[in-house]
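This report refers to the structure that appears directly beneath it.
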Amino acid sequence: MTNNSSKATHNGIGRRARTPSSKSTRSYWHRDPSDRLLCHRTTEELPTTADVVVIGSGITGAFAARELVTGGRSVLMLEAREACWGATGRNGGHCQPAVWDAPADVARFELGTFDLIANLVAKYNIPCDWQVIGGVHPIFSEEVLGAVKQQMERLQKYPDLQDKAILIQDKHELALKHVPEAIAAVFQPNAAKCWPYKLVAWMLESLVDQHDASMFNLQTNTLVDRIQRGQLSWSLHTKRGQVQARHVLLATNAYTSHLVPGMSGLITPVRGQVCALEPPAGTMQLPHSYVWMKGADHQYLIHRGPEDTQERSASSADRSIIFGGERLAERLDGEEGVCNDDEINPIISQALHRCVNDALMLPLEDGNRNKAKVMDANYEWTGIMGYSSDGGPWVGRLQGSLIDNFGDEGGYGAEDMGLWISAGYTGHGMPVAARCGAAVAEMILGRPGGIEIPGAWGVNEERAAAARGLAIPQTLAELLSELPAE
């Protein structure tokens, strides 16, 4: 990332995260919540001890808990609000591995995450609307096209990745992809749309159903105020009491630095905004998901279809266009440092309502093009993403200076303490977090030779020192400068 400490300070990077807001905007994905998970507490009383505590019940926490319990470890999961009420329940509903714009090891890891979710959904027939539809990345400037061509040339060095990203420049084919105004586009076949909350809810319900409270205990609406290092364990402080645990996994993403001040400046809260737009009558189904650059921001879109899960009381099929982005529509800091998801930004809202037709052709059944400049939203919500200062997730054991400022009641060194992290997905958690959660669970279990995370994602003091003070890109040039140079 751009090494500019003054900009980092101006943008609020380095400030410690606050706790999740007690109330939140209503996400489209929460319109049909699990009755069994709302206000769920596996036991009436909060346990006072635990083998492993997982803080956070999104996709990271769910996959980590599943791996830990399967490996024979008992898990207490603590969630500040309702289950899966954070970023996983507030995202754009698509899962697309980065290929053309990622280093080879990252692309392979993300493709592995995509396969992990796809295979799990198929094996258990999980009702989460998982559908592989392919992703289109339209390109609107020669500057971006030049950078993309360099990346496509780089991919040719990796035979296993060559067919995972295809550059399209033929105007007829671009029109068939519904991006006739683009000068080119990248098509990635490994891209899916899904209902992320339902995926995680199924996993948590399964853990509750298949194990007694001694193996898996979910406690919602239980905010961890702080954690403290003891002689043989960690002490987690909540308003309902304290819990002692040998291992603690922070699946807290944007909110991590609230509990670990040493992560301030390494993972920054950034508020994103998404809406469920109502397409005009007669709009045909868009066949793919879409992601495109607008300045230093990415816009992303999926089109819900009649084959997707409908509300039980609905009189007609919901075909919402789920559209997110436009973070930089109002302020240069792009909602950095914002921790509350209880309101929407009206200027970003205006931009989201009118932006779709600037990039895509929404086809009508009569063969014409939809000319509506503004679309109404049935739902509009915000969520807090965890942006990593160097762009990569933080996965592994926290150690050294990152936890030196904890109250230390014992004589154990940092290397002996069981505080773990999987967070900092930079708005790209769906093709990353599930496998990161499983990987850190394997580390806790002490399993060698399991999931191998990209080397740049490990947790160590050298990485932290290099990453601290780097700023989130604010311009297209800064964003393009971060593309792989290998």
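We name chains A, B, ... following the order of the structure tokens; residues begin at 1 in each chain, and ligands are numbered from 1 as shown.
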Self-check item: Spatial neighbours of A:Arg108, 10 Å, only C-alpha atoms, chain gap at least 5 places, as a PyMOL selection string
Solution: chain A and resi 97-99+102-103+113-114+160-161+453-454
Quiz item: What's the 8 Å shell around stretch 425-442 of chain A, counting only C-alpha atoms, without same-chain residues fewer than 3 positions away, as JSON, numbers by chain?
Solution: {"A": [59, 60, 61, 62, 63, 64, 65, 66, 67, 68, 88, 94, 95, 96, 97, 109, 110, 111, 112, 113, 114, 116, 117, 251, 253, 385, 386, 387, 388, 391, 392, 393, 395, 396, 420, 421, 422, 445, 446, 447, 448, 450, 451, 452, 453]}
Can you write out the residues you just picked, keeping N, CA and C atoms, as a tab-separated table (two decimals), in the first residue's frame?
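The resulting file, again-v9.tsv, is reproduced below:
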chain	number	residue	atom	x	y	z
A	59	ILE	N	-18.55	-15.92	8.93
A	59	ILE	CA	-18.06	-17.07	8.16
A	59	ILE	C	-16.73	-17.58	8.72
A	60	THR	N	-15.86	-16.69	9.19
A	60	THR	CA	-14.60	-17.13	9.79
A	60	THR	C	-14.85	-17.98	11.02
A	61	GLY	N	-15.63	-17.45	11.95
A	61	GLY	CA	-15.91	-18.17	13.19
A	61	GLY	C	-16.60	-19.49	12.96
A	62	ALA	N	-17.55	-19.53	12.01
A	62	ALA	CA	-18.30	-20.76	11.75
A	62	ALA	C	-17.39	-21.86	11.21
A	63	PHE	N	-16.55	-21.54	10.24
A	63	PHE	CA	-15.67	-22.57	9.67
A	63	PHE	C	-14.58	-22.97	10.66
A	64	ALA	N	-14.10	-22.02	11.46
A	64	ALA	CA	-13.10	-22.37	12.46
A	64	ALA	C	-13.71	-23.28	13.52
A	65	ALA	N	-14.90	-22.94	14.01
A	65	ALA	CA	-15.54	-23.76	15.03
A	65	ALA	C	-15.82	-25.16	14.52
A	66	ARG	N	-16.26	-25.27	13.29
A	66	ARG	CA	-16.54	-26.58	12.71
A	66	ARG	C	-15.28	-27.44	12.69
A	67	GLU	N	-14.16	-26.84	12.31
A	67	GLU	CA	-12.89	-27.57	12.25
A	67	GLU	C	-12.43	-27.96	13.65
A	68	LEU	N	-12.57	-27.05	14.60
A	68	LEU	CA	-12.11	-27.31	15.96
A	68	LEU	C	-12.92	-28.43	16.61
A	88	THR	N	-20.40	-10.63	7.35
A	88	THR	CA	-20.89	-11.75	6.53
A	88	THR	C	-22.37	-11.61	6.23
A	94	HIS	N	-21.88	-12.21	-3.11
A	94	HIS	CA	-21.16	-12.92	-4.18
A	94	HIS	C	-19.84	-13.44	-3.64
A	95	CYS	N	-19.34	-14.49	-4.27
A	95	CYS	CA	-18.07	-15.11	-3.90
A	95	CYS	C	-17.26	-15.30	-5.17
A	96	GLN	N	-16.21	-14.51	-5.32
A	96	GLN	CA	-15.39	-14.59	-6.53
A	96	GLN	C	-13.91	-14.50	-6.17
A	97	PRO	N	-13.17	-15.58	-6.36
A	97	PRO	CA	-11.73	-15.53	-6.09
A	97	PRO	C	-11.03	-14.51	-6.97
A	109	PHE	N	-5.14	-20.11	-3.36
A	109	PHE	CA	-5.80	-20.21	-2.07
A	109	PHE	C	-7.28	-19.86	-2.19
A	110	GLU	N	-7.57	-18.78	-2.89
A	110	GLU	CA	-8.95	-18.34	-3.02
A	110	GLU	C	-9.77	-19.31	-3.87
A	111	LEU	N	-9.18	-19.86	-4.90
A	111	LEU	CA	-9.88	-20.88	-5.68
A	111	LEU	C	-10.17	-22.11	-4.81
A	112	GLY	N	-9.24	-22.42	-3.90
A	112	GLY	CA	-9.47	-23.52	-2.97
A	112	GLY	C	-10.61	-23.22	-2.02
A	113	THR	N	-10.74	-21.96	-1.59
A	113	THR	CA	-11.86	-21.57	-0.73
A	113	THR	C	-13.17	-21.71	-1.50
A	114	PHE	N	-13.18	-21.27	-2.74
A	114	PHE	CA	-14.37	-21.39	-3.59
A	114	PHE	C	-14.80	-22.85	-3.68
A	116	LEU	N	-14.04	-25.28	-1.58
A	116	LEU	CA	-14.45	-25.73	-0.25
A	116	LEU	C	-15.92	-25.43	-0.01
A	117	ILE	N	-16.33	-24.19	-0.30
A	117	ILE	CA	-17.73	-23.82	-0.07
A	117	ILE	C	-18.64	-24.56	-1.04
A	251	ALA	N	-12.15	-13.82	15.59
A	251	ALA	CA	-12.79	-13.80	14.27
A	251	ALA	C	-13.61	-12.52	14.19
A	253	ASN	N	-12.60	-9.43	12.68
A	253	ASN	CA	-12.38	-8.61	11.50
A	253	ASN	C	-12.21	-7.13	11.83
A	385	MET	N	-16.28	-3.34	7.22
A	385	MET	CA	-15.23	-4.21	6.70
A	385	MET	C	-13.92	-3.96	7.46
A	386	GLY	N	-13.06	-4.95	7.48
A	386	GLY	CA	-11.75	-4.80	8.10
A	386	GLY	C	-10.67	-4.70	7.03
A	387	TYR	N	-10.17	-3.50	6.78
A	387	TYR	CA	-9.16	-3.29	5.75
A	387	TYR	C	-7.76	-3.46	6.34
A	388	SER	N	-7.01	-4.36	5.74
A	388	SER	CA	-5.64	-4.61	6.17
A	388	SER	C	-4.71	-3.56	5.56
A	391	GLY	N	-2.98	-5.02	2.72
A	391	GLY	CA	-3.87	-5.68	1.77
A	391	GLY	C	-4.15	-7.14	2.03
A	392	GLY	N	-3.39	-7.81	2.89
A	392	GLY	CA	-3.56	-9.23	3.13
A	392	GLY	C	-4.17	-9.53	4.48
A	393	PRO	N	-4.93	-10.61	4.60
A	393	PRO	CA	-5.46	-11.01	5.91
A	393	PRO	C	-4.33	-11.32	6.89
A	395	VAL	N	-3.45	-14.04	9.67
A	395	VAL	CA	-3.91	-15.38	10.04
A	395	VAL	C	-2.80	-16.07	10.83
A	396	GLY	N	-3.08	-16.38	12.09
A	396	GLY	CA	-2.09	-17.10	12.89
A	396	GLY	C	-2.12	-16.68	14.33
A	420	TRP	N	-5.15	-16.09	18.99
A	420	TRP	CA	-5.09	-16.33	17.56
A	420	TRP	C	-5.98	-15.35	16.81
A	421	ILE	N	-5.69	-15.18	15.53
A	421	ILE	CA	-6.43	-14.21	14.74
A	421	ILE	C	-6.66	-14.73	13.32
A	422	SER	N	-7.80	-14.42	12.78
A	422	SER	CA	-8.06	-14.55	11.34
A	422	SER	C	-8.98	-13.39	10.99
A	445	LEU	N	-5.20	-26.75	16.64
A	445	LEU	CA	-5.21	-28.20	16.85
A	445	LEU	C	-3.81	-28.80	16.79
A	446	GLY	N	-2.84	-28.04	16.28
A	446	GLY	CA	-1.48	-28.54	16.14
A	446	GLY	C	-1.32	-29.52	15.01
A	447	ARG	N	-2.12	-29.36	13.96
A	447	ARG	CA	-2.02	-30.26	12.81
A	447	ARG	C	-1.03	-29.72	11.79
A	448	PRO	N	0.07	-30.39	11.56
A	448	PRO	CA	1.01	-29.94	10.52
A	448	PRO	C	0.55	-30.41	9.14
A	450	GLY	N	-1.48	-29.11	6.88
A	450	GLY	CA	-2.86	-28.93	6.45
A	450	GLY	C	-2.98	-27.83	5.43
A	451	ILE	N	-3.95	-26.95	5.63
A	451	ILE	CA	-4.16	-25.82	4.72
A	451	ILE	C	-2.96	-24.88	4.82
A	452	GLU	N	-2.40	-24.54	3.68
A	452	GLU	CA	-1.26	-23.64	3.65
A	452	GLU	C	-1.73	-22.26	3.22
A	453	ILE	N	-1.60	-21.29	4.11
A	453	ILE	CA	-1.99	-19.94	3.75
A	453	ILE	C	-0.84	-19.26	2.99
Practice problem: Can you pull out every residue within 7 Å of A:Gln285, counting only C-alpha atoms, but drop anything in the same chain fewer than 2 positions away, and send it as a list in words? | Solution: Thr283, Pro287, His303 and Gly305 of chain A
Could you dump the residues just selected with N, CA and C atoms as a PDB file, in the first residue's frame?
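result_11.pdb, freshly written:
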ATOM      1  N   THR A 283     -37.321  -6.220 -16.976  1.00  0.00           N
ATOM      2  CA  THR A 283     -35.870  -6.389 -17.036  1.00  0.00           C
ATOM      3  C   THR A 283     -35.524  -7.874 -17.088  1.00  0.00           C
ATOM      4  N   PRO A 287     -26.880 -12.489 -16.569  1.00  0.00           N
ATOM      5  CA  PRO A 287     -26.374 -13.857 -16.446  1.00  0.00           C
ATOM      6  C   PRO A 287     -25.170 -14.022 -15.532  1.00  0.00           C
ATOM      7  N   HIS A 303     -27.512 -10.211  -9.540  1.00  0.00           N
ATOM      8  CA  HIS A 303     -28.945 -10.095  -9.839  1.00  0.00           C
ATOM      9  C   HIS A 303     -29.646 -11.325  -9.281  1.00  0.00           C
ATOM     10  N   GLY A 305     -32.621 -13.920  -8.796  1.00  0.00           N
ATOM     11  CA  GLY A 305     -33.565 -14.423  -9.773  1.00  0.00           C
ATOM     12  C   GLY A 305     -34.698 -15.215  -9.160  1.00  0.00           C
TER      13      GLY A 305
END
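Take the candidates A:His298, A:Arg81, A:Lys149, A:Lys164 and check each one against A:Leu37 using only C-alpha atoms; the shortest distance goes to A:Arg81.
Comparing the minimum interatomic distances between A:His40 and each of A:Ala107, A:Leu204, A:Val54, A:Ala184, counting only C-alpha atoms, we find that A:Leu204 sits nearest.
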Using only C-alpha atoms, what does the table of stretch 129-177 of chain A residues within 12 Å of stretch 338-361 of chain A look like, with each row giving the shortest atom pair and its distance in Å to one decimal, sorted by chain and ascending number, as CSV?
residue,atom,partner,partner_atom,distance
A:Val136,CA,A:Leu360,CA,10.6
A:His137,CA,A:Ala359,CA,10.4
A:Pro138,CA,A:Ala359,CA,7.9
A:Ile139,CA,A:Ala359,CA,9.3
A:Phe140,CA,A:Ala359,CA,8.5
A:Leu174,CA,A:Leu360,CA,10.4
A:Ala175,CA,A:Met361,CA,8.2
A:Leu176,CA,A:Met361,CA,9.7
A:Lys177,CA,A:Met361,CA,8.8
Exercise. Could you find all residues in stretch 89-136 of chain A that DSSP calls helix (DSSP H, G or I) from the backbone, and write them as a PyMOL selection string?
Key: chain A and resi 89-90+104-124
Generate the output file for the selected residues, C-alpha atoms, as a tab-separated table (two decimals), in the first residue's frame.
chain	number	residue	atom	x	y	z
A	89	GLY	CA	-24.56	-10.90	6.97
A	90	ARG	CA	-24.11	-7.52	5.31
A	104	ALA	CA	-0.40	-16.95	-7.88
A	105	ASP	CA	-0.37	-18.33	-4.34
A	106	VAL	CA	-3.25	-16.06	-3.34
A	107	ALA	CA	-5.26	-16.99	-6.45
A	108	ARG	CA	-4.80	-20.69	-5.70
A	109	PHE	CA	-5.80	-20.21	-2.07
A	110	GLU	CA	-8.95	-18.34	-3.02
A	111	LEU	CA	-9.88	-20.88	-5.68
A	112	GLY	CA	-9.47	-23.52	-2.97
A	113	THR	CA	-11.86	-21.57	-0.73
A	114	PHE	CA	-14.37	-21.39	-3.59
A	115	ASP	CA	-14.17	-25.17	-4.02
A	116	LEU	CA	-14.45	-25.73	-0.25
A	117	ILE	CA	-17.73	-23.82	-0.07
A	118	ALA	CA	-19.09	-25.27	-3.31
A	119	ASN	CA	-18.36	-28.84	-2.21
A	120	LEU	CA	-19.84	-28.28	1.25
A	121	VAL	CA	-23.03	-26.81	-0.20
A	122	ALA	CA	-23.35	-29.69	-2.68
A	123	LYS	CA	-22.61	-32.41	-0.11
A	124	TYR	CA	-25.21	-31.24	2.40
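Here atom CA of A:Arg41 and atom CA of A:Glu79 stand 10.1 Å from one another.
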Quiz item: Neighbours of A:Leu277 within 7 Å (only C-alpha atoms; same-chain residues fewer than 2 positions away dropped), as a PyMOL selection string?
Solution: chain A and resi 275+279+320-322+375-378
Serialized selection, C-alpha atoms, as a PDB file, in the first residue's frame:
ATOM      1  CA  CYS A 275     -28.650  -1.736  -1.544  1.00  0.00           C
ATOM      2  CA  PRO A 279     -35.164  -3.311 -11.525  1.00  0.00           C
ATOM      3  CA  SER A 320     -33.434  -7.455  -6.657  1.00  0.00           C
ATOM      4  CA  ILE A 321     -30.161  -6.162  -8.012  1.00  0.00           C
ATOM      5  CA  ILE A 322     -27.750  -6.279  -5.065  1.00  0.00           C
ATOM      6  CA  MET A 375     -33.690   2.856  -9.307  1.00  0.00           C
ATOM      7  CA  ASP A 376     -35.508   2.547  -6.018  1.00  0.00           C
ATOM      8  CA  ALA A 377     -34.150   0.349  -3.221  1.00  0.00           C
ATOM      9  CA  ASN A 378     -36.234  -2.110  -1.235  1.00  0.00           C
TER      10      ASN A 378
END
Practice problem: Enumerate, as a PyMOL selection string, the complete set of residues in stretch 151-397 of chain A that a backbone-based DSSP assignment places in strand (DSSP E). | Solution: chain A and resi 166-168+184-188+192-193+216-219+224-229+234-238+241-250+267-277+289-294+297-303+321-324+377-388+394-397
Quiz item: In terms of the shortest atom-to-atom distance over only C-alpha atoms, which of A:Thr268, A:Gln150, A:Gln210, A:Gln273 is closest to A:Ser389?
Solution: A:Thr268
I'd like the contact shell of A:Trp130 - 7 Å cut-off, only C-alpha atoms, skipping same-chain residues fewer than 2 positions apart - returned as a compact mmCIF listing (two decimals) with N, CA and C atoms, in the first residue's frame.
# COMPACT_ATOMS: atom_id res chain seq x y z
N CYS A 128 -28.66 -22.16 0.50
CA CYS A 128 -28.10 -20.81 0.58
C CYS A 128 -27.98 -20.15 -0.78
N VAL A 132 -23.14 -20.94 -9.36
CA VAL A 132 -21.96 -20.49 -10.09
C VAL A 132 -22.42 -19.83 -11.38
N ALA A 192 -19.58 -17.03 -7.94
CA ALA A 192 -20.91 -17.50 -7.55
C ALA A 192 -21.66 -16.39 -6.84
N LYS A 193 -22.98 -16.50 -6.85
CA LYS A 193 -23.81 -15.68 -5.98
C LYS A 193 -24.40 -16.60 -4.92
N CYS A 194 -24.70 -16.05 -3.75
CA CYS A 194 -25.23 -16.87 -2.67
C CYS A 194 -25.91 -15.99 -1.64
Name all residues at most 10 Å from A:Tyr197 (count only C-alpha atoms; drop same-chain ones fewer than 3 positions away) and give them as a PDB file with C-alpha atoms, in the first residue's frame.
ATOM      1  CA  TYR A  28     -31.462  -7.747   2.819  1.00  0.00           C
ATOM      2  CA  TRP A  29     -29.839 -11.003   3.978  1.00  0.00           C
ATOM      3  CA  HIS A  30     -31.451 -10.693   7.420  1.00  0.00           C
ATOM      4  CA  ASP A  32     -35.521 -14.216   6.787  1.00  0.00           C
ATOM      5  CA  PRO A  33     -33.442 -14.885   9.923  1.00  0.00           C
ATOM      6  CA  SER A  34     -33.102 -18.228  11.632  1.00  0.00           C
ATOM      7  CA  GLY A  58     -19.544 -14.868  10.868  1.00  0.00           C
ATOM      8  CA  ILE A  59     -18.060 -17.068   8.162  1.00  0.00           C
ATOM      9  CA  ALA A  83     -25.434 -14.619  15.069  1.00  0.00           C
ATOM     10  CA  CYS A  84     -23.892 -13.626  11.740  1.00  0.00           C
ATOM     11  CA  TRP A  85     -24.983 -10.009  12.161  1.00  0.00           C
ATOM     12  CA  GLY A  86     -21.666  -8.462  11.114  1.00  0.00           C
ATOM     13  CA  ALA A  87     -19.926  -8.245   7.740  1.00  0.00           C
ATOM     14  CA  THR A  88     -20.888 -11.746   6.529  1.00  0.00           C
ATOM     15  CA  GLY A  89     -24.565 -10.899   6.966  1.00  0.00           C
ATOM     16  CA  ARG A  90     -24.107  -7.519   5.314  1.00  0.00           C
ATOM     17  CA  ASN A  91     -22.044  -8.154   2.193  1.00  0.00           C
ATOM     18  CA  GLY A  93     -23.860 -11.803  -1.784  1.00  0.00           C
ATOM     19  CA  CYS A 128     -28.104 -20.809   0.583  1.00  0.00           C
ATOM     20  CA  CYS A 194     -25.226 -16.871  -2.671  1.00  0.00           C
ATOM     21  CA  VAL A 200     -23.425 -19.545   8.112  1.00  0.00           C
ATOM     22  CA  ALA A 201     -26.779 -20.066   9.842  1.00  0.00           C
ATOM     23  CA  TRP A 202     -26.895 -23.652   8.527  1.00  0.00           C
ATOM     24  CA  MET A 203     -23.386 -24.288   9.879  1.00  0.00           C
TER      25      MET A 203
END
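Take atom CA of A:Ala467 and atom CA of A:Leu259: the distance between them is 19.4 Å.
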Practice problem: Would you kindly return, as a PyMOL selection string, each protein, DNA or RNA residue with an atom no farther than 10 Å from any atom of A:Arg15, considering only C-alpha atoms and excluding same-chain residues fewer than 6 positions away? | Solution: chain A and resi 8-9+257-258+261+263-269+337
Atoms to include: C-alpha atoms. Write the selected residues as a tab-separated table (two decimals), in the first residue's frame.
chain	number	residue	atom	x	y	z
A	8	ALA	CA	-2.82	7.44	7.19
A	9	THR	CA	-3.22	9.71	10.19
A	257	SER	CA	-8.21	-3.56	17.50
A	258	HIS	CA	-10.88	-2.90	20.12
A	261	PRO	CA	-4.84	-2.39	20.61
A	263	MET	CA	-3.63	-4.23	15.76
A	264	SER	CA	-4.55	-0.54	15.46
A	265	GLY	CA	-3.11	0.70	12.20
A	266	LEU	CA	-2.96	-2.84	10.82
A	267	ILE	CA	-6.70	-3.53	10.47
A	268	THR	CA	-8.89	-0.47	9.93
A	269	PRO	CA	-12.70	-0.37	10.13
A	337	GLY	CA	-12.45	4.58	10.69
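Put simply, atom CA of A:Thr252 is 14.4 Å away from atom CA of A:Arg397.
The closest residue to A:Ala471, picked from A:Gly418, A:Gly334, A:Gly458, A:Gly449 and counting only C-alpha atoms, is A:Gly334.
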